[in-house]
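*Asks:* If it helps, the file is called my_file-v2.cif and holds mmCIF, C-alpha atoms, pLDDT in the B column; chains and numbers go by the auth columns:
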```cif
data_entry
#
loop_
_atom_site.group_PDB
_atom_site.id
_atom_site.type_symbol
_atom_site.label_atom_id
_atom_site.label_comp_id
_atom_site.label_asym_id
_atom_site.label_seq_id
_atom_site.Cartn_x
_atom_site.Cartn_y
_atom_site.Cartn_z
_atom_site.B_iso_or_equiv
_atom_site.auth_seq_id
_atom_site.auth_asym_id
ATOM 1 C CA MET A 1 -1.082 258.718 135.005 80.00 1 V
ATOM 2 C CA ALA A 2 -1.150 260.072 138.541 92.00 2 V
ATOM 3 C CA ARG A 3 0.013 258.505 141.760 95.00 3 V
ATOM 4 C CA VAL A 4 -2.063 258.658 144.920 96.00 4 V
ATOM 5 C CA VAL A 5 -0.352 257.546 148.139 97.00 5 V
ATOM 6 C CA VAL A 6 -2.241 256.159 151.125 98.00 6 V
ATOM 7 C CA ASP A 7 -0.317 255.968 154.378 98.00 7 V
ATOM 8 C CA VAL A 8 -1.860 253.774 157.075 98.00 8 V
ATOM 9 C CA MET A 9 -0.546 254.019 160.637 97.00 9 V
ATOM 10 C CA LEU A 10 -1.730 252.580 163.945 96.00 10 V
ATOM 11 C CA LYS A 11 -3.618 255.116 166.056 96.00 11 V
ATOM 12 C CA PRO A 12 -1.253 256.770 168.589 94.00 12 V
ATOM 13 C CA GLU A 13 -2.981 255.104 171.551 95.00 13 V
ATOM 14 C CA ILE A 14 -2.499 251.613 170.085 95.00 14 V
ATOM 15 C CA LEU A 15 0.640 249.700 171.181 95.00 15 V
ATOM 16 C CA ASP A 16 2.990 249.135 168.234 95.00 16 V
ATOM 17 C CA PRO A 17 5.106 246.031 168.956 95.00 17 V
ATOM 18 C CA GLN A 18 6.769 246.142 165.537 93.00 18 V
ATOM 19 C CA GLY A 19 7.807 249.730 166.111 95.00 19 V
ATOM 20 C CA LYS A 20 9.124 248.857 169.562 95.00 20 V
ATOM 21 C CA ALA A 21 11.173 245.979 168.076 95.00 21 V
ATOM 22 C CA VAL A 22 12.692 248.290 165.462 94.00 22 V
ATOM 23 C CA GLN A 23 13.445 250.869 168.142 94.00 23 V
ATOM 24 C CA GLY A 24 15.248 248.215 170.190 94.00 24 V
ATOM 25 C CA ALA A 25 17.311 247.217 167.173 92.00 25 V
ATOM 26 C CA PHE A 26 18.238 250.857 166.585 91.00 26 V
ATOM 27 C CA GLY A 27 19.664 250.978 170.092 90.00 27 V
ATOM 28 C CA ARG A 28 21.579 247.689 169.796 90.00 28 V
ATOM 29 C CA LEU A 29 23.154 248.823 166.514 85.00 29 V
ATOM 30 C CA GLY A 30 24.324 252.034 168.114 87.00 30 V
ATOM 31 C CA PHE A 31 21.825 254.393 166.456 85.00 31 V
ATOM 32 C CA ASP A 32 21.018 256.648 169.390 84.00 32 V
ATOM 33 C CA GLY A 33 18.848 259.739 169.679 89.00 33 V
ATOM 34 C CA VAL A 34 15.697 257.885 168.612 93.00 34 V
ATOM 35 C CA ALA A 35 12.743 258.584 170.911 94.00 35 V
ATOM 36 C CA SER A 36 10.252 256.252 169.221 95.00 36 V
ATOM 37 C CA VAL A 37 9.581 254.277 166.032 96.00 37 V
ATOM 38 C CA ARG A 38 6.167 253.447 164.611 97.00 38 V
ATOM 39 C CA GLN A 39 5.667 251.146 161.633 97.00 39 V
ATOM 40 C CA GLY A 40 2.773 251.332 159.164 97.00 40 V
ATOM 41 C CA LYS A 41 1.820 250.600 155.574 97.00 41 V
ATOM 42 C CA ARG A 42 2.271 252.671 152.415 98.00 42 V
ATOM 43 C CA PHE A 43 0.165 252.092 149.294 97.00 43 V
ATOM 44 C CA GLU A 44 1.178 253.630 145.984 97.00 44 V
ATOM 45 C CA ILE A 45 -1.883 253.670 143.714 96.00 45 V
ATOM 46 C CA GLU A 46 -1.320 254.518 140.049 95.00 46 V
ATOM 47 C CA LEU A 47 -4.452 255.875 138.384 94.00 47 V
ATOM 48 C CA ASP A 48 -5.258 255.434 134.692 92.00 48 V
ATOM 49 C CA GLY A 49 -6.190 259.108 134.389 90.00 49 V
ATOM 50 C CA GLU A 50 -5.591 262.284 136.368 91.00 50 V
ATOM 51 C CA ALA A 51 -6.026 262.613 140.142 93.00 51 V
ATOM 52 C CA THR A 52 -9.316 264.483 139.908 93.00 52 V
ATOM 53 C CA PRO A 53 -11.126 265.334 143.179 94.00 53 V
ATOM 54 C CA GLU A 54 -13.608 262.565 142.373 92.00 54 V
ATOM 55 C CA ALA A 55 -10.825 260.000 141.871 92.00 55 V
ATOM 56 C CA VAL A 56 -9.133 261.005 145.133 94.00 56 V
ATOM 57 C CA ALA A 57 -12.469 260.848 146.989 94.00 57 V
ATOM 58 C CA GLU A 58 -12.930 257.324 145.634 92.00 58 V
ATOM 59 C CA ILE A 59 -9.465 256.324 146.867 94.00 59 V
ATOM 60 C CA GLU A 60 -10.344 257.748 150.296 95.00 60 V
ATOM 61 C CA ARG A 61 -13.495 255.591 150.388 93.00 61 V
ATOM 62 C CA ALA A 62 -11.477 252.556 149.349 92.00 62 V
ATOM 63 C CA ALA A 63 -8.848 253.320 152.006 94.00 63 V
ATOM 64 C CA ALA A 64 -11.498 253.488 154.733 95.00 64 V
ATOM 65 C CA THR A 65 -13.050 250.180 153.704 92.00 65 V
ATOM 66 C CA LEU A 66 -10.159 248.210 152.271 93.00 66 V
ATOM 67 C CA LEU A 67 -6.751 249.507 153.285 96.00 67 V
ATOM 68 C CA ALA A 68 -7.198 250.608 156.890 96.00 68 V
ATOM 69 C CA ASN A 69 -8.980 249.168 159.899 96.00 69 V
ATOM 70 C CA PRO A 70 -10.710 252.292 161.229 94.00 70 V
ATOM 71 C CA VAL A 71 -10.903 250.814 164.735 95.00 71 V
ATOM 72 C CA ILE A 72 -7.122 250.785 165.249 96.00 72 V
ATOM 73 C CA GLU A 73 -5.667 252.655 162.271 97.00 73 V
ATOM 74 C CA ASP A 74 -5.619 256.178 160.849 97.00 74 V
ATOM 75 C CA PHE A 75 -4.855 256.895 157.194 98.00 75 V
ATOM 76 C CA THR A 76 -3.857 259.858 155.098 97.00 76 V
ATOM 77 C CA VAL A 77 -4.228 260.248 151.330 97.00 77 V
ATOM 78 C CA HIS A 78 -2.100 262.543 149.184 95.00 78 V
ATOM 79 C CA VAL A 79 -1.391 262.960 145.482 96.00 79 V
ATOM 80 C CA GLU A 80 2.264 262.624 144.565 92.00 80 V
ATOM 81 C CA ALA A 81 3.172 265.262 141.998 76.00 81 V
ATOM 82 C CA GLY A 82 5.261 264.695 138.905 61.00 82 V
ATOM 83 C CA VAL A 83 5.477 260.912 138.830 55.00 83 V
ATOM 84 C CA MET B 1 11.450 266.624 168.581 80.00 84 R
ATOM 85 C CA ALA B 2 11.579 265.994 164.855 92.00 85 R
ATOM 86 C CA ARG B 3 10.010 263.252 162.788 95.00 86 R
ATOM 87 C CA VAL B 4 11.938 261.438 160.072 96.00 87 R
ATOM 88 C CA VAL B 5 9.914 259.188 157.765 97.00 88 R
ATOM 89 C CA VAL B 6 11.404 256.189 155.963 98.00 89 R
ATOM 90 C CA ASP B 7 9.314 254.742 153.148 98.00 90 R
ATOM 91 C CA VAL B 8 10.345 251.269 151.989 98.00 91 R
ATOM 92 C CA MET B 9 8.922 249.940 148.711 97.00 92 R
ATOM 93 C CA LEU B 10 9.689 246.862 146.622 96.00 93 R
ATOM 94 C CA LYS B 11 11.875 247.648 143.611 96.00 94 R
ATOM 95 C CA PRO B 12 9.727 248.186 140.473 94.00 95 R
ATOM 96 C CA GLU B 13 10.979 245.005 138.843 95.00 96 R
ATOM 97 C CA ILE B 14 9.991 242.844 141.829 95.00 97 R
ATOM 98 C CA LEU B 15 6.528 241.215 141.690 95.00 98 R
ATOM 99 C CA ASP B 16 4.255 242.593 144.413 95.00 99 R
ATOM 100 C CA PRO B 17 1.603 239.954 145.221 95.00 100 R
ATOM 101 C CA GLN B 18 0.134 242.046 148.073 93.00 101 R
ATOM 102 C CA GLY B 19 -0.287 244.992 145.742 95.00 102 R
ATOM 103 C CA LYS B 20 -1.892 242.754 143.119 95.00 103 R
ATOM 104 C CA ALA B 21 -4.324 241.407 145.738 95.00 104 R
ATOM 105 C CA VAL B 22 -5.325 244.919 146.778 94.00 105 R
ATOM 106 C CA GLN B 23 -5.738 245.909 143.138 94.00 106 R
ATOM 107 C CA GLY B 24 -8.058 242.948 142.599 94.00 107 R
ATOM 108 C CA ALA B 25 -10.121 243.952 145.612 92.00 108 R
ATOM 109 C CA PHE B 26 -10.394 247.498 144.275 91.00 109 R
ATOM 110 C CA GLY B 27 -11.929 246.105 141.107 89.00 110 R
ATOM 111 C CA ARG B 28 -14.358 243.790 142.908 90.00 111 R
ATOM 112 C CA LEU B 29 -15.554 246.653 145.119 85.00 112 R
ATOM 113 C CA GLY B 30 -16.233 248.791 142.074 87.00 113 R
ATOM 114 C CA PHE B 31 -13.289 251.185 142.435 85.00 114 R
ATOM 115 C CA ASP B 32 -12.239 251.498 138.810 84.00 115 R
ATOM 116 C CA GLY B 33 -9.586 253.601 137.122 89.00 116 R
ATOM 117 C CA VAL B 34 -6.763 252.020 139.134 93.00 117 R
ATOM 118 C CA ALA B 35 -3.839 250.969 136.932 94.00 118 R
ATOM 119 C CA SER B 36 -1.712 249.394 139.664 95.00 119 R
ATOM 120 C CA VAL B 37 -1.252 249.202 143.444 96.00 120 R
ATOM 121 C CA ARG B 38 2.037 248.624 145.265 97.00 121 R
ATOM 122 C CA GLN B 39 2.271 248.063 148.997 97.00 122 R
ATOM 123 C CA GLY B 40 5.268 248.945 151.191 97.00 123 R
ATOM 124 C CA LYS B 41 6.243 249.952 154.696 97.00 124 R
ATOM 125 C CA ARG B 42 6.297 253.355 156.371 98.00 125 R
ATOM 126 C CA PHE B 43 8.412 254.060 159.460 97.00 126 R
ATOM 127 C CA GLU B 44 7.831 257.200 161.517 97.00 127 R
ATOM 128 C CA ILE B 45 10.968 257.836 163.601 96.00 128 R
ATOM 129 C CA GLU B 46 10.718 260.480 166.324 95.00 129 R
ATOM 130 C CA LEU B 47 14.127 261.929 167.229 94.00 130 R
ATOM 131 C CA ASP B 48 15.012 263.248 170.674 92.00 131 R
ATOM 132 C CA GLY B 49 16.568 266.357 169.150 90.00 132 R
ATOM 133 C CA GLU B 50 16.429 268.206 165.828 91.00 133 R
ATOM 134 C CA ALA B 51 16.728 266.516 162.426 93.00 134 R
ATOM 135 C CA THR B 52 20.296 267.652 161.836 93.00 135 R
ATOM 136 C CA PRO B 53 22.070 266.430 158.661 94.00 136 R
ATOM 137 C CA GLU B 54 24.077 264.058 160.856 92.00 137 R
ATOM 138 C CA ALA B 55 20.931 262.604 162.445 92.00 138 R
ATOM 139 C CA VAL B 56 19.278 262.127 159.035 94.00 139 R
ATOM 140 C CA ALA B 57 22.449 260.489 157.681 94.00 140 R
ATOM 141 C CA GLU B 58 22.360 258.096 160.625 92.00 141 R
ATOM 142 C CA ILE B 59 18.727 257.220 159.891 94.00 142 R
ATOM 143 C CA GLU B 60 19.682 256.564 156.254 95.00 143 R
ATOM 144 C CA ARG B 61 22.406 254.164 157.396 93.00 144 R
ATOM 145 C CA ALA B 62 19.956 252.440 159.722 92.00 145 R
ATOM 146 C CA ALA B 63 17.376 252.215 156.912 94.00 146 R
ATOM 147 C CA ALA B 64 19.891 250.544 154.590 95.00 147 R
ATOM 148 C CA THR B 65 20.895 247.976 157.215 92.00 148 R
ATOM 149 C CA LEU B 66 17.770 247.510 159.304 93.00 149 R
ATOM 150 C CA LEU B 67 14.599 248.698 157.614 96.00 150 R
ATOM 151 C CA ALA B 68 15.064 247.757 153.959 96.00 151 R
ATOM 152 C CA ASN B 69 16.424 244.728 152.154 96.00 152 R
ATOM 153 C CA PRO B 70 18.605 246.426 149.525 94.00 153 R
ATOM 154 C CA VAL B 71 18.380 243.397 147.225 95.00 154 R
ATOM 155 C CA ILE B 72 14.624 243.755 146.620 96.00 155 R
ATOM 156 C CA GLU B 73 13.648 247.079 148.205 97.00 156 R
ATOM 157 C CA ASP B 74 14.282 250.790 147.693 97.00 157 R
ATOM 158 C CA PHE B 75 13.813 253.337 150.465 98.00 158 R
ATOM 159 C CA THR B 76 13.429 257.094 150.750 97.00 159 R
ATOM 160 C CA VAL B 77 14.044 259.220 153.836 97.00 160 R
ATOM 161 C CA HIS B 78 12.432 262.616 154.465 95.00 161 R
ATOM 162 C CA VAL B 79 11.985 264.929 157.416 96.00 162 R
ATOM 163 C CA GLU B 80 8.374 265.731 158.204 92.00 163 R
ATOM 164 C CA ALA B 81 8.061 269.407 159.072 76.00 164 R
ATOM 165 C CA GLY B 82 6.069 270.839 161.923 61.00 165 R
ATOM 166 C CA VAL B 83 5.229 267.716 163.911 55.00 166 R
#
```
For the structure just supplied, provide its representation as structure tokens.

*Replies:*
Amino acid sequence: MARVVVDVMLKPEILDPQGKAVQGAFGRLGFDGVASVRQGKRFEIELDGEATPEAVAEIERAAATLLANPVIEDFTVHVEAGV
Amino acid sequence: MARVVVDVMLKPEILDPQGKAVQGAFGRLGFDGVASVRQGKRFEIELDGEATPEAVAEIERAAATLLANPVIEDFTVHVEAGV
């Protein structure tokens, strides 16, 4: 089995209220030195077989249609070794 | 500036209905070969300064108190190079 990870984040130009709320909480709890916080989604996809280029390409297509909203979100796909 | 990433995932033994829903959608859209899908949160934290060991330790403390619910979630912290 192989694990493919899809990380979905809001595009930089999109306001991230959740991130701003977390950043505010950091400050109130005394965690300083934080310039900004952005929150997104992480999908861990376990494949039946190996992470062949075809399988990863299929996950990328699924990410673009199912996991991310291409209008406001960017996504990255990477294979996690040795899981 | 340095970027520290906190990934928060449900513990393996905790049922993940969102992940199950995504897995079902994968199947309906014809993406086969997926054994399981788990969904979690990704936080991208930009620091004012460098990611010193002290700064990363502080982010780990914040993650344990603010970003993850230690009863049902695990988290990992890593510094993203070259951002």

*Asks:* Hey, could you lay chain R over chain V with a least-squares C-alpha fit (all atoms, paired in order) and save it as a PDB file with C-alpha atoms, in the frame of the given file?

*Replies:*
```pdb
ATOM      1  CA  MET R  84      -1.087 258.733 134.998  1.00 80.00           C
ATOM      2  CA  ALA R  85      -1.150 260.077 138.532  1.00 92.00           C
ATOM      3  CA  ARG R  86       0.020 258.508 141.761  1.00 95.00           C
ATOM      4  CA  VAL R  87      -2.064 258.652 144.927  1.00 96.00           C
ATOM      5  CA  VAL R  88      -0.351 257.542 148.139  1.00 97.00           C
ATOM      6  CA  VAL R  89      -2.249 256.148 151.125  1.00 98.00           C
ATOM      7  CA  ASP R  90      -0.310 255.963 154.380  1.00 98.00           C
ATOM      8  CA  VAL R  91      -1.867 253.767 157.067  1.00 98.00           C
ATOM      9  CA  MET R  92      -0.544 254.027 160.633  1.00 97.00           C
ATOM     10  CA  LEU R  93      -1.730 252.585 163.940  1.00 96.00           C
ATOM     11  CA  LYS R  94      -3.607 255.129 166.054  1.00 96.00           C
ATOM     12  CA  PRO R  95      -1.256 256.782 168.601  1.00 94.00           C
ATOM     13  CA  GLU R  96      -2.959 255.106 171.540  1.00 95.00           C
ATOM     14  CA  ILE R  97      -2.495 251.612 170.078  1.00 95.00           C
ATOM     15  CA  LEU R  98       0.640 249.703 171.171  1.00 95.00           C
ATOM     16  CA  ASP R  99       2.987 249.126 168.232  1.00 95.00           C
ATOM     17  CA  PRO R 100       5.107 246.026 168.971  1.00 95.00           C
ATOM     18  CA  GLN R 101       6.779 246.130 165.527  1.00 93.00           C
ATOM     19  CA  GLY R 102       7.807 249.723 166.096  1.00 95.00           C
ATOM     20  CA  LYS R 103       9.124 248.853 169.556  1.00 95.00           C
ATOM     21  CA  ALA R 104      11.165 245.986 168.073  1.00 95.00           C
ATOM     22  CA  VAL R 105      12.704 248.280 165.468  1.00 94.00           C
ATOM     23  CA  GLN R 106      13.449 250.865 168.145  1.00 94.00           C
ATOM     24  CA  GLY R 107      15.249 248.219 170.195  1.00 94.00           C
ATOM     25  CA  ALA R 108      17.312 247.217 167.182  1.00 92.00           C
ATOM     26  CA  PHE R 109      18.251 250.849 166.584  1.00 91.00           C
ATOM     27  CA  GLY R 110      19.669 250.982 170.092  1.00 89.00           C
ATOM     28  CA  ARG R 111      21.579 247.700 169.799  1.00 90.00           C
ATOM     29  CA  LEU R 112      23.145 248.825 166.513  1.00 85.00           C
ATOM     30  CA  GLY R 113      24.321 252.043 168.115  1.00 87.00           C
ATOM     31  CA  PHE R 114      21.818 254.403 166.473  1.00 85.00           C
ATOM     32  CA  ASP R 115      21.006 256.656 169.406  1.00 84.00           C
ATOM     33  CA  GLY R 116      18.834 259.740 169.696  1.00 89.00           C
ATOM     34  CA  VAL R 117      15.691 257.878 168.612  1.00 93.00           C
ATOM     35  CA  ALA R 118      12.735 258.584 170.907  1.00 94.00           C
ATOM     36  CA  SER R 119      10.246 256.249 169.229  1.00 95.00           C
ATOM     37  CA  VAL R 120       9.585 254.280 166.031  1.00 96.00           C
ATOM     38  CA  ARG R 121       6.165 253.446 164.590  1.00 97.00           C
ATOM     39  CA  GLN R 122       5.666 251.149 161.629  1.00 97.00           C
ATOM     40  CA  GLY R 123       2.767 251.319 159.151  1.00 97.00           C
ATOM     41  CA  LYS R 124       1.818 250.594 155.570  1.00 97.00           C
ATOM     42  CA  ARG R 125       2.272 252.660 152.421  1.00 98.00           C
ATOM     43  CA  PHE R 126       0.169 252.082 149.298  1.00 97.00           C
ATOM     44  CA  GLU R 127       1.184 253.625 145.979  1.00 97.00           C
ATOM     45  CA  ILE R 128      -1.890 253.665 143.712  1.00 96.00           C
ATOM     46  CA  GLU R 129      -1.316 254.512 140.049  1.00 95.00           C
ATOM     47  CA  LEU R 130      -4.464 255.877 138.385  1.00 94.00           C
ATOM     48  CA  ASP R 131      -5.268 255.432 134.705  1.00 92.00           C
ATOM     49  CA  GLY R 132      -6.195 259.100 134.402  1.00 90.00           C
ATOM     50  CA  GLU R 133      -5.588 262.304 136.362  1.00 91.00           C
ATOM     51  CA  ALA R 134      -6.015 262.615 140.136  1.00 93.00           C
ATOM     52  CA  THR R 135      -9.304 264.487 139.915  1.00 93.00           C
ATOM     53  CA  PRO R 136     -11.112 265.335 143.191  1.00 94.00           C
ATOM     54  CA  GLU R 137     -13.596 262.570 142.380  1.00 92.00           C
ATOM     55  CA  ALA R 138     -10.823 260.003 141.875  1.00 92.00           C
ATOM     56  CA  VAL R 139      -9.121 261.013 145.141  1.00 94.00           C
ATOM     57  CA  ALA R 140     -12.460 260.841 146.983  1.00 94.00           C
ATOM     58  CA  GLU R 141     -12.919 257.324 145.632  1.00 92.00           C
ATOM     59  CA  ILE R 142      -9.460 256.323 146.872  1.00 94.00           C
ATOM     60  CA  GLU R 143     -10.344 257.742 150.303  1.00 95.00           C
ATOM     61  CA  ARG R 144     -13.489 255.601 150.385  1.00 93.00           C
ATOM     62  CA  ALA R 145     -11.482 252.556 149.344  1.00 92.00           C
ATOM     63  CA  ALA R 146      -8.852 253.323 152.008  1.00 94.00           C
ATOM     64  CA  ALA R 147     -11.506 253.492 154.735  1.00 95.00           C
ATOM     65  CA  THR R 148     -13.056 250.174 153.696  1.00 92.00           C
ATOM     66  CA  LEU R 149     -10.157 248.200 152.265  1.00 93.00           C
ATOM     67  CA  LEU R 150      -6.755 249.508 153.282  1.00 96.00           C
ATOM     68  CA  ALA R 151      -7.205 250.610 156.894  1.00 96.00           C
ATOM     69  CA  ASN R 152      -8.980 249.169 159.903  1.00 96.00           C
ATOM     70  CA  PRO R 153     -10.713 252.297 161.232  1.00 94.00           C
ATOM     71  CA  VAL R 154     -10.905 250.831 164.743  1.00 95.00           C
ATOM     72  CA  ILE R 155      -7.119 250.793 165.262  1.00 96.00           C
ATOM     73  CA  GLU R 156      -5.662 252.660 162.278  1.00 97.00           C
ATOM     74  CA  ASP R 157      -5.625 256.177 160.842  1.00 97.00           C
ATOM     75  CA  PHE R 158      -4.855 256.879 157.195  1.00 98.00           C
ATOM     76  CA  THR R 159      -3.845 259.863 155.093  1.00 97.00           C
ATOM     77  CA  VAL R 160      -4.228 260.237 151.333  1.00 97.00           C
ATOM     78  CA  HIS R 161      -2.088 262.533 149.170  1.00 95.00           C
ATOM     79  CA  VAL R 162      -1.388 262.950 145.484  1.00 96.00           C
ATOM     80  CA  GLU R 163       2.267 262.619 144.569  1.00 92.00           C
ATOM     81  CA  ALA R 164       3.165 265.256 141.999  1.00 76.00           C
ATOM     82  CA  GLY R 165       5.240 264.710 138.910  1.00 61.00           C
ATOM     83  CA  VAL R 166       5.439 260.921 138.784  1.00 55.00           C
TER      84      VAL R 166
END
```

*Asks:* Could the residues of chain V within 7 Å of chain R, counting all atoms listed in the file, be given as a PDB file with C-alpha atoms, keeping the file's coordinate frame, please?

*Replies:*
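Result file is part.pdb:
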```pdb
ATOM      1  CA  PHE V  31      21.825 254.393 166.456  1.00 85.00           C
ATOM      2  CA  GLY V  33      18.848 259.739 169.679  1.00 89.00           C
ATOM      3  CA  VAL V  34      15.697 257.885 168.612  1.00 93.00           C
ATOM      4  CA  ALA V  35      12.743 258.584 170.911  1.00 94.00           C
ATOM      5  CA  SER V  36      10.252 256.252 169.221  1.00 95.00           C
ATOM      6  CA  VAL V  37       9.581 254.277 166.032  1.00 96.00           C
ATOM      7  CA  ARG V  38       6.167 253.447 164.611  1.00 97.00           C
ATOM      8  CA  GLN V  39       5.667 251.146 161.633  1.00 97.00           C
ATOM      9  CA  GLY V  40       2.773 251.332 159.164  1.00 97.00           C
ATOM     10  CA  LYS V  41       1.820 250.600 155.574  1.00 97.00           C
ATOM     11  CA  ARG V  42       2.271 252.671 152.415  1.00 98.00           C
ATOM     12  CA  PHE V  43       0.165 252.092 149.294  1.00 97.00           C
ATOM     13  CA  GLU V  44       1.178 253.630 145.984  1.00 97.00           C
ATOM     14  CA  ILE V  45      -1.883 253.670 143.714  1.00 96.00           C
ATOM     15  CA  GLU V  46      -1.320 254.518 140.049  1.00 95.00           C
ATOM     16  CA  LEU V  47      -4.452 255.875 138.384  1.00 94.00           C
ATOM     17  CA  ASP V  48      -5.258 255.434 134.692  1.00 92.00           C
ATOM     18  CA  GLU V  58     -12.930 257.324 145.634  1.00 92.00           C
TER      19      GLU V  58
END
```

*Asks:* To one decimal in Å, tell me the separation between atom CA of Glu163 of chain R and atom CA of Pro136 of chain R.

*Replies:*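 If I compute the distance from atom CA of Glu163 of chain R to atom CA of Pro136 of chain R, I get 13.7 Å.
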
*Asks:* Would you compute the distance between atom CA of Glu54 of chain V and atom CA of Thr159 of chain R? Give it in Å to one decimal.

*Replies:*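 We find that atom CA of Glu54 of chain V and atom CA of Thr159 of chain R lie 28.8 Å from each other.
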
*Asks:* Which one is closest to Val154 of chain R: R:Ala134, R:Ala140, R:Ile97, R:Gly107? Count only C-alpha atoms.

*Replies:*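 Checking each candidate against Val154 of chain R, we get R:Ile97 as the closest.
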
*Asks:* Between atom CA of Leu98 of chain R and atom CA of Glu156 of chain R, what distance in Å does the model show, to one decimal?

*Replies:*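 These two atoms are separated by 11.3 Å.
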
*Asks:* Could you put an axis-aligned box around every listed atom of segment 49-59 of chain V, padded by 5 Å on each side, and send me its centre and edge lengths in Å to one decimal, as lines of an AutoDock Vina configuration file?

*Replies:*
```
center_x = -9.6
center_y = 260.8
center_z = 140.7
size_x = 18.0
size_y = 19.0
size_z = 22.6
```

*Asks:* Can you patch up segment 17-23 of chain V, filling it in to all heavy atoms, and show the result as a compact mmCIF listing (two decimals), in the coordinates of the input?

*Replies:*
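The file below, part-v2.txt, is the result:
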```txt
# COMPACT_ATOMS: atom_id res chain seq x y z
N PRO V 17 3.99 246.92 168.65
CA PRO V 17 5.11 246.03 168.96
C PRO V 17 6.18 246.02 167.88
O PRO V 17 7.38 245.94 168.17
CB PRO V 17 4.44 244.66 169.11
CG PRO V 17 3.06 244.79 168.63
CD PRO V 17 2.71 246.24 168.59
N GLN V 18 5.76 246.13 166.61
CA GLN V 18 6.77 246.14 165.54
C GLN V 18 7.66 247.37 165.67
O GLN V 18 8.89 247.29 165.57
CB GLN V 18 6.09 246.15 164.17
CG GLN V 18 5.53 244.80 163.75
CD GLN V 18 4.85 244.87 162.40
OE1 GLN V 18 3.93 245.66 162.19
NE2 GLN V 18 5.28 244.05 161.47
N GLY V 19 7.04 248.50 165.94
CA GLY V 19 7.81 249.73 166.11
C GLY V 19 8.77 249.62 167.28
O GLY V 19 9.93 250.02 167.20
N LYS V 20 8.27 249.03 168.36
CA LYS V 20 9.12 248.86 169.56
C LYS V 20 10.32 247.95 169.22
O LYS V 20 11.45 248.23 169.62
CB LYS V 20 8.31 248.21 170.70
CG LYS V 20 7.31 249.14 171.35
CD LYS V 20 7.95 249.94 172.45
CE LYS V 20 6.93 250.83 173.13
NZ LYS V 20 7.01 252.24 172.61
N ALA V 21 10.08 246.91 168.44
CA ALA V 21 11.17 245.98 168.08
C ALA V 21 12.22 246.71 167.24
O ALA V 21 13.42 246.57 167.46
CB ALA V 21 10.60 244.80 167.29
N VAL V 22 11.75 247.54 166.31
CA VAL V 22 12.69 248.29 165.46
C VAL V 22 13.48 249.27 166.33
O VAL V 22 14.70 249.41 166.20
CB VAL V 22 11.95 249.03 164.34
CG1 VAL V 22 12.88 249.97 163.58
CG2 VAL V 22 11.31 248.03 163.37
N GLN V 23 12.77 249.91 167.27
CA GLN V 23 13.44 250.87 168.14
C GLN V 23 14.55 250.18 168.95
O GLN V 23 15.65 250.70 169.09
CB GLN V 23 12.43 251.52 169.08
CG GLN V 23 13.03 252.62 169.95
CD GLN V 23 11.97 253.29 170.80
OE1 GLN V 23 10.76 253.03 170.64
NE2 GLN V 23 12.40 254.17 171.67
```
